[in-house]
There are 2 protein chains.
Amino acid sequence: MMMKRKGILIVVSGFSGAGKGTLMKQLVHSYDNYALSVSMTTRGPRPGEEEGREYFFVSREKFEETIAADGLIEYACYCENYYGTPRGYVEKQLEKGRDVILEIEIQGALKVKEKFPTALLLFVMPPNAAELRRRLMGRGTESMEVIEKRLKRASEEAEGIEEYDYIIINDRLEECVPQMHALIQAAHDTPSRNLEFIENMRRELEAYK
Amino acid sequence: MMMKRKGILIVVSGFSGAGKGTLMKQLVHSYDNYALSVSMTTRGPRPGEEEGREYFFVSREKFEETIAADGLIEYACYCENYYGTPRGYVEKQLEKGRDVILEIEIQGALKVKEKFPTALLLFVMPPNAAELRRRLMGRGTESMEVIEKRLKRASEEAEGIEEYDYIIINDRLEECVPQMHALIQAAHDTPSRNLEFIENMRRELEAYK
């Protein structure tokens, strides 16, 4: 009855330590129809990282060629390394009707929203700041200095939350995964994502006049 | 963990014959936490209608007093009769945390959105115009002239669909009821409806700086 629906580009941001990564992995694992976008970077792979899984690892020359060919939806430079989202994979998956998930921080998220006005922006947060601190410390791998830096960064990122469509409070993962899925499903029902259906309805009604 | 959440004011519009009434009744019947707003009118009750169930039936004087006392969220005049939404009931239910559902047409919906910026606007549609015509004719109670008028009215209303937050395509009721519920639940997770939570988080993060 409905027209074949197009995929939605979903941008996930949130504080370091909020649990975005696990949430996204669980979502893709629990439901069909999602595709995870893999970023391209010029930094070298870390132990355990695999080409095409964590990142596509490329040379600086290759990255700049891709920029020049308009092959990236967004990109940024951190610590002298480029990071970006390859356009081809994302567009192919959307065309197939799959919802594509992309993890980036707020500046990148806003750039994506400009190019894809129907992108859905999700912001993942812990239930409170004390819990965020606990989680960052619980990792046991980071120095106090790094933790302080992350908390400071969280405070900066918190300024942009109103730019997002929905917030997800990651308290209990088993509740958050279906919640995230439900928010994405809801997004499929906005008028702006059903323009073709609405136009058809208008044409048909017009004919009855 | 979360703060006690406030109710959302939900405005339901849609073509005559789209099945709004049944959908709303089923929603309230199937889930807790909803309250149906009952309109006030100056028209007389029709056979089978009960005071306080279909409408609050009042005199013209009483209605105009209520307008003067700012006792209505919105009102309009059709066929020389007033129709309006009493403010008291709606605000009390929202305060209690219940989601309040209100059925009105587009002009009223936009007035509500002005006064309650976090109101959620839902537009109910049939799967296609032929189905709408079939449903209107299937009632067997209306003259061809009335049906034509309703279809013409639907065509006018279709112009405003983009003003709504979500569309609900009422094909199969048993799917639409949980869909409508999910859309309302999703609306609870927007930043604009969680300003207090976000502000708290910012304050807490600020303290770590």
# chains A, B, ... in the order shown; residues from 1 in each chain; ligands from 1

$ residues_around --residues "region 157-167 of chain A" --least-positions-apart "3" --cutoff "10 Å" --atoms "only C-alpha atoms" --output "CSV table (one decimal) with C-alpha atoms, in the first residue's frame"
chain,number,residue,atom,x,y,z
A,11,VAL,CA,23.7,10.8,12.9
A,12,VAL,CA,24.6,9.7,16.4
A,13,SER,CA,26.5,12.0,18.7
A,14,GLY,CA,27.0,12.1,22.4
A,15,PHE,CA,29.5,12.4,25.2
A,105,GLU,CA,30.4,14.9,16.7
A,106,ILE,CA,28.3,18.0,16.6
A,107,GLN,CA,30.1,20.1,13.9
A,109,ALA,CA,26.4,16.4,12.4
A,110,LEU,CA,25.4,19.9,11.5
A,113,LYS,CA,22.1,18.0,8.2
A,119,ALA,CA,18.9,13.3,8.3
A,120,LEU,CA,17.9,12.4,11.8
A,121,LEU,CA,20.2,13.7,14.6
A,122,LEU,CA,20.3,11.6,17.8
A,123,PHE,CA,22.2,12.6,21.0
A,124,VAL,CA,23.2,10.0,23.5
A,125,MET,CA,23.6,11.0,27.1
A,151,LEU,CA,34.3,15.9,30.9
A,152,LYS,CA,35.3,19.3,29.8
A,153,ARG,CA,34.6,18.4,26.2
A,154,ALA,CA,31.2,16.9,27.3
A,170,ASN,CA,21.5,5.6,28.0
A,180,MET,CA,16.5,4.1,19.6
A,183,LEU,CA,12.7,6.9,17.4
A,184,ILE,CA,14.1,6.0,14.0
A,187,ALA,CA,11.1,9.6,11.9
B,186,ALA,CA,9.0,9.3,20.6
B,187,ALA,CA,7.9,12.9,21.0
B,188,HIS,CA,8.7,12.7,24.8
B,189,ASP,CA,12.4,12.3,23.8
B,190,THR,CA,12.9,15.6,21.9
B,191,PRO,CA,15.2,18.2,23.5
B,192,SER,CA,12.5,20.8,23.7
B,193,ARG,CA,10.4,18.5,25.9
B,194,ASN,CA,13.4,17.7,28.2
B,195,LEU,CA,14.8,21.2,28.9
B,198,ILE,CA,19.3,19.0,29.8
B,199,GLU,CA,19.8,22.0,32.0
B,201,MET,CA,23.1,17.9,33.0
B,202,ARG,CA,24.8,21.1,31.9
B,205,LEU,CA,29.0,19.0,33.9
B,206,GLU,CA,29.9,22.6,34.6

$ select_by_dssp --residues "region 161-195 of chain B" --states "alpha helix (DSSP H)" --output "PyMOL selection string"
chain B and resi 173-187+195

$ residues_around --residues "Arg46 (chain B)" --least-positions-apart "6" --cutoff "12 Å" --atoms "only C-alpha atoms" --output "list in words"
Glu54, Tyr55 and Phe57 of chain B

$ write_last_selection --atoms "all heavy atoms" --output "short mmCIF file (atom, residue, chain, number, x, y, z; two decimals), in the first residue's frame"
data_model
loop_
_atom_site.label_atom_id
_atom_site.label_comp_id
_atom_site.auth_asym_id
_atom_site.auth_seq_id
_atom_site.Cartn_x
_atom_site.Cartn_y
_atom_site.Cartn_z
N GLU B 54 -19.51 13.28 24.35
CA GLU B 54 -19.22 13.85 23.03
C GLU B 54 -18.80 15.32 23.17
O GLU B 54 -17.84 15.77 22.57
CB GLU B 54 -20.43 13.75 22.10
CG GLU B 54 -20.58 12.38 21.47
CD GLU B 54 -21.17 11.36 22.43
OE1 GLU B 54 -21.67 11.78 23.49
OE2 GLU B 54 -21.10 10.15 22.14
N TYR B 55 -19.58 16.06 23.94
CA TYR B 55 -19.35 17.51 24.12
C TYR B 55 -19.84 17.95 25.49
O TYR B 55 -20.65 17.25 26.12
CB TYR B 55 -20.16 18.32 23.08
CG TYR B 55 -19.63 18.26 21.68
CD1 TYR B 55 -20.22 17.41 20.74
CD2 TYR B 55 -18.55 19.05 21.28
CE1 TYR B 55 -19.74 17.35 19.44
CE2 TYR B 55 -18.07 18.99 19.98
CZ TYR B 55 -18.66 18.14 19.07
OH TYR B 55 -18.19 18.08 17.78
N PHE B 57 -22.33 20.63 26.43
CA PHE B 57 -23.32 21.46 25.73
C PHE B 57 -23.65 22.67 26.60
O PHE B 57 -24.11 22.51 27.73
CB PHE B 57 -24.58 20.63 25.45
CG PHE B 57 -24.30 19.44 24.56
CD1 PHE B 57 -24.13 18.16 25.09
CD2 PHE B 57 -24.17 19.59 23.17
CE1 PHE B 57 -23.85 17.06 24.29
CE2 PHE B 57 -23.89 18.50 22.36
CZ PHE B 57 -23.73 17.23 22.92
#

$ residues_around --residues "region 60-67 of chain B" --least-positions-apart "4" --cutoff "10 Å" --atoms "only C-alpha atoms" --output "PyMOL selection string"
chain B and resi 40-43+71-75+81-84+86-87

$ write_last_selection --atoms "N, CA, C and O atoms" --output "tab-separated table (two decimals), in the first residue's frame"
chain	number	residue	atom	x	y	z
B	40	MET	N	-16.31	21.94	24.08
B	40	MET	CA	-17.51	22.66	24.51
B	40	MET	C	-18.20	23.17	23.24
B	40	MET	O	-17.53	23.60	22.30
B	41	THR	N	-19.53	23.10	23.19
B	41	THR	CA	-20.22	23.61	22.01
B	41	THR	C	-21.57	24.24	22.38
B	41	THR	O	-22.14	23.91	23.43
B	42	THR	N	-22.03	25.10	21.50
B	42	THR	CA	-23.36	25.72	21.69
B	42	THR	C	-24.43	25.00	20.87
B	42	THR	O	-25.60	25.33	20.98
B	43	ARG	N	-24.03	24.03	20.05
B	43	ARG	CA	-25.06	23.32	19.31
B	43	ARG	C	-25.76	22.33	20.24
B	43	ARG	O	-25.17	21.90	21.25
B	71	GLY	N	-10.88	30.96	29.07
B	71	GLY	CA	-11.08	29.59	29.52
B	71	GLY	C	-10.99	28.56	28.40
B	71	GLY	O	-11.20	27.38	28.62
B	72	LEU	N	-10.67	29.03	27.17
B	72	LEU	CA	-10.57	28.10	26.04
B	72	LEU	C	-9.19	28.18	25.41
B	72	LEU	O	-8.64	29.28	25.25
B	73	ILE	N	-8.63	27.05	25.04
B	73	ILE	CA	-7.33	27.02	24.36
B	73	ILE	C	-7.49	27.53	22.95
B	73	ILE	O	-6.65	28.24	22.40
B	74	GLU	N	-8.57	27.13	22.32
B	74	GLU	CA	-8.91	27.60	20.97
B	74	GLU	C	-10.40	27.44	20.81
B	74	GLU	O	-11.02	26.65	21.51
B	75	TYR	N	-10.99	28.24	19.90
B	75	TYR	CA	-12.40	28.04	19.58
B	75	TYR	C	-12.65	28.52	18.16
B	75	TYR	O	-11.83	29.24	17.58
B	81	ASN	N	-22.62	27.94	15.17
B	81	ASN	CA	-22.40	27.37	16.51
B	81	ASN	C	-20.93	27.46	16.89
B	81	ASN	O	-20.05	27.33	16.04
B	82	TYR	N	-20.69	27.70	18.15
B	82	TYR	CA	-19.33	27.73	18.68
B	82	TYR	C	-18.87	26.32	19.05
B	82	TYR	O	-19.66	25.50	19.53
B	83	TYR	N	-17.57	26.10	18.85
B	83	TYR	CA	-16.91	24.88	19.32
B	83	TYR	C	-15.57	25.30	19.93
B	83	TYR	O	-14.88	26.13	19.33
B	84	GLY	N	-15.20	24.76	21.06
B	84	GLY	CA	-13.93	25.16	21.67
B	84	GLY	C	-13.37	24.12	22.62
B	84	GLY	O	-14.07	23.17	22.99
B	86	PRO	N	-11.91	23.50	26.28
B	86	PRO	CA	-11.76	24.07	27.63
B	86	PRO	C	-10.33	23.90	28.14
B	86	PRO	O	-9.74	22.82	28.03
B	87	ARG	N	-9.77	24.98	28.67
B	87	ARG	CA	-8.39	24.99	29.11
B	87	ARG	C	-8.15	24.19	30.40
B	87	ARG	O	-7.15	23.47	30.53

$ atom_distance --atom1 "CA of Ala182 (chain B)" --atom2 "CA of Glu95 (chain B)"
21.2 Å

$ residues_around --residues "Lys6 (chain A)" --least-positions-apart "4" --cutoff "8 Å" --atoms "only C-alpha atoms" --output "PyMOL selection string"
chain A and resi 94-98

$ write_last_selection --atoms "N, CA and C atoms" --output "PDB file, in the first residue's frame"
ATOM      1  N   LEU A  94      21.100   4.069   1.381  1.00  0.00           N
ATOM      2  CA  LEU A  94      19.851   4.842   1.499  1.00  0.00           C
ATOM      3  C   LEU A  94      18.924   4.513   0.338  1.00  0.00           C
ATOM      4  N   GLU A  95      19.501   4.436  -0.837  1.00  0.00           N
ATOM      5  CA  GLU A  95      18.737   4.137  -2.049  1.00  0.00           C
ATOM      6  C   GLU A  95      18.053   2.772  -1.932  1.00  0.00           C
ATOM      7  N   LYS A  96      18.759   1.835  -1.315  1.00  0.00           N
ATOM      8  CA  LYS A  96      18.218   0.482  -1.103  1.00  0.00           C
ATOM      9  C   LYS A  96      17.121   0.471  -0.046  1.00  0.00           C
ATOM     10  N   GLY A  97      16.944   1.598   0.651  1.00  0.00           N
ATOM     11  CA  GLY A  97      15.913   1.665   1.679  1.00  0.00           C
ATOM     12  C   GLY A  97      16.443   1.360   3.074  1.00  0.00           C
ATOM     13  N   ARG A  98      17.758   1.227   3.209  1.00  0.00           N
ATOM     14  CA  ARG A  98      18.305   0.942   4.543  1.00  0.00           C
ATOM     15  C   ARG A  98      18.583   2.244   5.284  1.00  0.00           C
TER      16      ARG A  98
END

$ atom_distance --atom1 "CA of Gln179 (chain B)" --atom2 "CA of Glu131 (chain B)"
20.1 Å

$ residues_around --residues "Tyr31 (chain B)" --least-positions-apart "4" --cutoff "9 Å" --atoms "only C-alpha atoms" --output "list in words"
Gln26, Leu27 and His181 of chain B

$ write_last_selection --atoms "N, CA, C and O atoms" --output "compact mmCIF listing (two decimals), in the first residue's frame"
# COMPACT_ATOMS: atom_id res chain seq x y z
N GLN B 26 -9.49 3.79 20.42
CA GLN B 26 -8.70 2.57 20.61
C GLN B 26 -7.40 2.87 21.35
O GLN B 26 -6.95 2.07 22.16
N LEU B 27 -6.80 3.99 21.05
CA LEU B 27 -5.54 4.36 21.70
C LEU B 27 -5.74 4.51 23.20
O LEU B 27 -5.00 3.94 24.01
N HIS B 181 0.80 5.37 19.24
CA HIS B 181 1.38 5.35 20.59
C HIS B 181 2.91 5.56 20.51
O HIS B 181 3.47 6.35 21.27

$ select_by_dssp --residues "chain A" --states "strand (DSSP E or B)" --output "VMD selection string"
chain A and resid 9 to 14 34 to 36 39 to 41 51 55 to 57 72 to 78 81 to 86 99 to 103 120 to 125 166 to 169

$ atom_distance --atom1 "CA of Ile8 (chain A)" --atom2 "CA of Ile10 (chain B)"
25.1 Å

$ residues_around --residues "region 16-22 of chain A" --least-positions-apart "3" --cutoff "6 Å" --atoms "only C-alpha atoms" --output "number ranges by chain"
A: 25, 125-126, 136

$ decode --residues "region 147-189 of chain A" --atoms "C-alpha atoms" --output "JSON list (two decimals), in the first residue's frame"
[["chain", "number", "residue", "atom", "x", "y", "z"],
["A", 147, "ILE", "CA", 39.08, 11.96, 31.97],
["A", 148, "GLU", "CA", 39.03, 15.63, 32.98],
["A", 149, "LYS", "CA", 39.50, 16.58, 29.34],
["A", 150, "ARG", "CA", 36.59, 14.37, 28.27],
["A", 151, "LEU", "CA", 34.31, 15.85, 30.92],
["A", 152, "LYS", "CA", 35.27, 19.33, 29.80],
["A", 153, "ARG", "CA", 34.56, 18.35, 26.20],
["A", 154, "ALA", "CA", 31.16, 16.92, 27.28],
["A", 155, "SER", "CA", 30.32, 20.25, 28.85],
["A", 156, "GLU", "CA", 31.07, 22.00, 25.53],
["A", 157, "GLU", "CA", 29.09, 19.47, 23.50],
["A", 158, "ALA", "CA", 26.12, 19.84, 25.86],
["A", 159, "GLU", "CA", 25.67, 23.37, 24.47],
["A", 160, "GLY", "CA", 24.51, 21.96, 21.15],
["A", 161, "ILE", "CA", 21.91, 19.42, 22.29],
["A", 162, "GLU", "CA", 18.96, 21.50, 21.04],
["A", 163, "GLU", "CA", 20.21, 21.02, 17.47],
["A", 164, "TYR", "CA", 19.35, 17.32, 17.74],
["A", 165, "ASP", "CA", 16.00, 15.71, 16.97],
["A", 166, "TYR", "CA", 15.98, 13.36, 19.95],
["A", 167, "ILE", "CA", 17.96, 12.64, 23.07],
["A", 168, "ILE", "CA", 18.57, 9.09, 24.21],
["A", 169, "ILE", "CA", 19.34, 8.64, 27.88],
["A", 170, "ASN", "CA", 21.52, 5.56, 28.04],
["A", 171, "ASP", "CA", 20.68, 4.22, 31.46],
["A", 172, "ARG", "CA", 19.90, 0.58, 30.71],
["A", 173, "LEU", "CA", 21.09, -0.74, 27.35],
["A", 174, "GLU", "CA", 18.26, -3.28, 26.98],
["A", 175, "GLU", "CA", 15.75, -0.41, 27.07],
["A", 176, "CYS", "CA", 17.78, 2.01, 25.00],
["A", 177, "VAL", "CA", 18.18, -0.23, 21.96],
["A", 178, "PRO", "CA", 14.42, -0.61, 21.30],
["A", 179, "GLN", "CA", 13.94, 3.07, 22.18],
["A", 180, "MET", "CA", 16.50, 4.11, 19.55],
["A", 181, "HIS", "CA", 14.81, 1.83, 17.04],
["A", 182, "ALA", "CA", 11.40, 3.34, 17.85],
["A", 183, "LEU", "CA", 12.70, 6.89, 17.41],
["A", 184, "ILE", "CA", 14.08, 6.02, 13.98],
["A", 185, "GLN", "CA", 10.83, 4.32, 12.98],
["A", 186, "ALA", "CA", 8.90, 7.40, 14.12],
["A", 187, "ALA", "CA", 11.11, 9.58, 11.94],
["A", 188, "HIS", "CA", 9.91, 7.67, 8.89],
["A", 189, "ASP", "CA", 6.42, 9.10, 9.52]]
